[in-house]
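Report on the following structure.
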Amino acid sequence: MSYIPLMVDMQGKNIYIIGGGNVAERRVKTLIGIEASLIVISPDINEYLYSLYEHDRLIWRRKKFEAADVKGADLIIAATNDKQVNQSVKTATPEHCALNMTDAGLSGNVIFPAMYRRGKLSFAVSTESASPMLVSQIIKELKSQYDHRYEEYVDFLYTCRMAIKETSLSMEEKTLFLKQILSKKYLNSTKQEEILSWLNDQN
Ligand SMILES: C[C@@]1(CC(=O)O)c2cc3[nH]c(cc4nc(cc5[nH]c(cc(n2)[C@H]1CCC(=O)O)[C@@](C)(CC(=O)O)[C@@H]5CCC(=O)O)C(CC(=O)O)=C4CCC(=O)O)c(CCC(=O)O)c3CC(=O)O
Ligand SMILES: NC(=O)C1=CN([C@@H]2O[C@H](COP(=O)(O)OP(=O)(O)OC[C@H]3O[C@@H](n4cnc5c(N)ncnc54)[C@H](O)[C@@H]3O)[C@@H](O)[C@H]2O)C=CC1
């Protein structure tokens with residue numbers, strides 16, 4: 001096993017979730033915002049998943065899992081409460097397909113880290129399945145440290161970075177500028193506007 005964190009573009013991918021309970025719900029909450037097909041295979045699904053199904057945000061195949069169900073999958077999440085079924089999902093997983101085993105993290109080839117996002121800023125925390133509770137505690141700490149202001153702030157940093165590249169300042173001055181705007185005072189939107197207007201004058 002050699003796990004590494006990656007940011008993966010899942011646009012247009014087929015994601016199969018086997019099982020429709022609490023853990024399936026957690027995975028779907030992570031995945032629902034992206035432009036991928038979510039297919040849930042389970043004889044029953046919980047209220048949250050059902051409401052997404054009703055609004056055509058996911059496909060529900062109301063049935064017990066069978067090997068042929070996951071043909072063409074890019075990512076499979078085995079999330080039933082039956083270990084044998086989860087094992088048969090593993091056996092049916094096509095070669096080169098990503099597999100997340102929620103009942104035995106290290107027996108799949110993909111672990112879902114706990115995630116926390118503020119716009120373009122994202123955190124993923126994993127202990128390689130050693131302590132999900134520590135992961136959850138660390139995410140809480142990050143949430144309080146990096147609050148809602150970071151979403152706008154990271155967009156501000158991006159705008160500044162693009163704009164400073166267009167100026168005729170020296171490389172050293174540009175680097176210094178990029179470092180200076182990391183000061184916490186620029187979490188404040190008035191301070192951000194001051195900088196943006198200064199940058200405007202440079203270009
Ligand atoms: C591998 C992974 C799954 C993956 O890759 O998908 C995995 C695996 C397993 N979890 C188990 C148990 C529990 N998991 C939680 C909670 C969470 N588990 C999460 C992640 C992951 N859990 C991934 C590894 C993350 C890493 O890298 O460290 C969190 C952080 C995020 C999320 O799931 O969204 C989420 C926080 C939820 C929140 O904050 O709300 C609780 C506590 C609770 O439910 O409150 C318990 C019970 C207490 C205990 O056992 O510690 C078991 C035993 C199952 C059994 O006994 O049958 C396995 C199987 C195994 O041991 O591998
Ligand atoms: N990764 C994690 O964070 C955690 C993982 N787990 C593991 O995840 C498993 C699932 O937990 P929950 O979602 O809470 O269980 P749950 O009981 O809420 O949901 C299980 C779902 O699997 C479906 N299912 C059962 N047999 C099936 C089959 N043959 N084909 C298709 N679907 C089938 C059920 O209909 C149900 O929708 C647990 O057994 C446990 O091993 C548990 C806690 C946390």
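We name chains A, B, ... following the order of the structure tokens; residues begin at 1 in each chain, and ligands are numbered from 1 as shown.
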message = Hey, which residues sit close to ligand 1? Say within 7 Å, counting only C-alpha atoms and all ligand atoms, and write them as a list in words.
response = Val23, Arg26, Arg27, Asn100, Met101, Thr102, Asp103, Ala104, Gly105, Leu106, Val110, Ile111, Phe112, Pro113, Ala114, Val125, Ser126, Thr127, Glu128, Ser129, Ala130, Ser131, Pro132, Met133, Val135 and Ser136 of chain A
Write out, as CSV, each residue of chain A that has an atom at most 8 Å from ligand 2, together with the closest pair of atoms and their distance in Å to one decimal, counting only C-alpha atoms and all ligand atoms, rows going by chain and rising number.
residue,atom,partner,partner_atom_place_in_ligand_line,distance
A:Ile18,CA,ligand 2,31 (C),5.3
A:Gly19,CA,ligand 2,22 (O),3.5
A:Gly20,CA,ligand 2,37 (O),3.4
A:Gly21,CA,ligand 2,19 (O),3.3
A:Asn22,CA,ligand 2,13 (O),3.7
A:Val23,CA,ligand 2,13 (O),3.7
A:Ala24,CA,ligand 2,13 (O),5.5
A:Glu25,CA,ligand 2,13 (O),7.4
A:Ile41,CA,ligand 2,31 (C),5.5
A:Ser42,CA,ligand 2,32 (N),3.7
A:Pro43,CA,ligand 2,35 (O),5.1
A:Asp44,CA,ligand 2,35 (O),4.6
A:Ile45,CA,ligand 2,37 (O),4.9
A:Asn46,CA,ligand 2,37 (O),6.7
A:Lys63,CA,ligand 2,31 (C),6.5
A:Lys64,CA,ligand 2,30 (N),3.6
A:Phe65,CA,ligand 2,30 (N),3.9
A:Glu66,CA,ligand 2,30 (N),7.5
A:Ala79,CA,ligand 2,10 (C),5.0
A:Thr80,CA,ligand 2,22 (O),3.3
A:Asn81,CA,ligand 2,39 (O),3.4
A:Asp82,CA,ligand 2,26 (N),5.7
A:Lys83,CA,ligand 2,39 (O),6.8
A:Val85,CA,ligand 2,29 (N),5.5
A:Met101,CA,ligand 2,1 (N),7.7
A:Thr102,CA,ligand 2,1 (N),4.1
A:Asp103,CA,ligand 2,41 (O),3.7
A:Ala104,CA,ligand 2,41 (O),7.2
A:Gly105,CA,ligand 2,1 (N),7.2
A:Pro132,CA,ligand 2,3 (O),6.9
ask   = So which bits of range 11-201 of chain A end up helix (DSSP H, G or I) when you DSSP the backbone, as an NGL selection string?
value = :A and (22-31 or 47-54 or 67-70 or 83-92 or 105-107 or 132-145 or 149-166 or 171-180 or 184-187 or 189-201)
query = If you run DSSP on this backbone, which residues of range 2-203 of chain A come out as strand (DSSP E), and could you give them as a ChimeraX atom specification?
reply = /A:14-18,37-41,59-61,75-78,98-101,114-118,121-125
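Residues within 10 Å of range 169-177 of chain A, counting only C-alpha atoms and excluding same-chain residues fewer than 5 positions away, are Cys160, Arg161, Ile164, Leu182 and Gln202 of chain A.
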ask   = Hey, what's within 12 Å of Ser107 in chain A if we count only C-alpha atoms and toss same-chain stuff fewer than 6 positions away? As a ChimeraX atom specification, please?
value = /A:1-3,77-78,83,86-87,89-91,98-101,128-129
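For the choices A:Asp147, A:Ile17, A:Gln11, A:Tyr50, the atom-to-atom distance to Ile34 in chain A is smallest for A:Gln11 when using only C-alpha atoms.
With only C-alpha atoms as the atoms that count, the minimum distance from Lys71 in chain A to the choices A:Leu196, A:Ala124, A:Cys97, A:Ile139 is reached by A:Cys97.
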For Ile32 in chain A: contacts at 9 Å, only C-alpha atoms, fewer than 4 positions along chain excluded, given as an MDAnalysis selection string = chainID A and resid 27:28 36 38 57:58
request  = Mind checking which residues fall within 12 Å of Asn200 in chain A, counting only C-alpha atoms, ignoring those fewer than 4 positions away in the same chain, and posting them as a PyMOL selection string?
outcome  = chain A and resi 159-160+162-164+166-167+193-196
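Among A:Leu157, A:Ile15, A:Leu49, A:Ile4, the residue with the shortest atom-to-atom distance to Gly72 in chain A, counting only C-alpha atoms, is A:Ile15.
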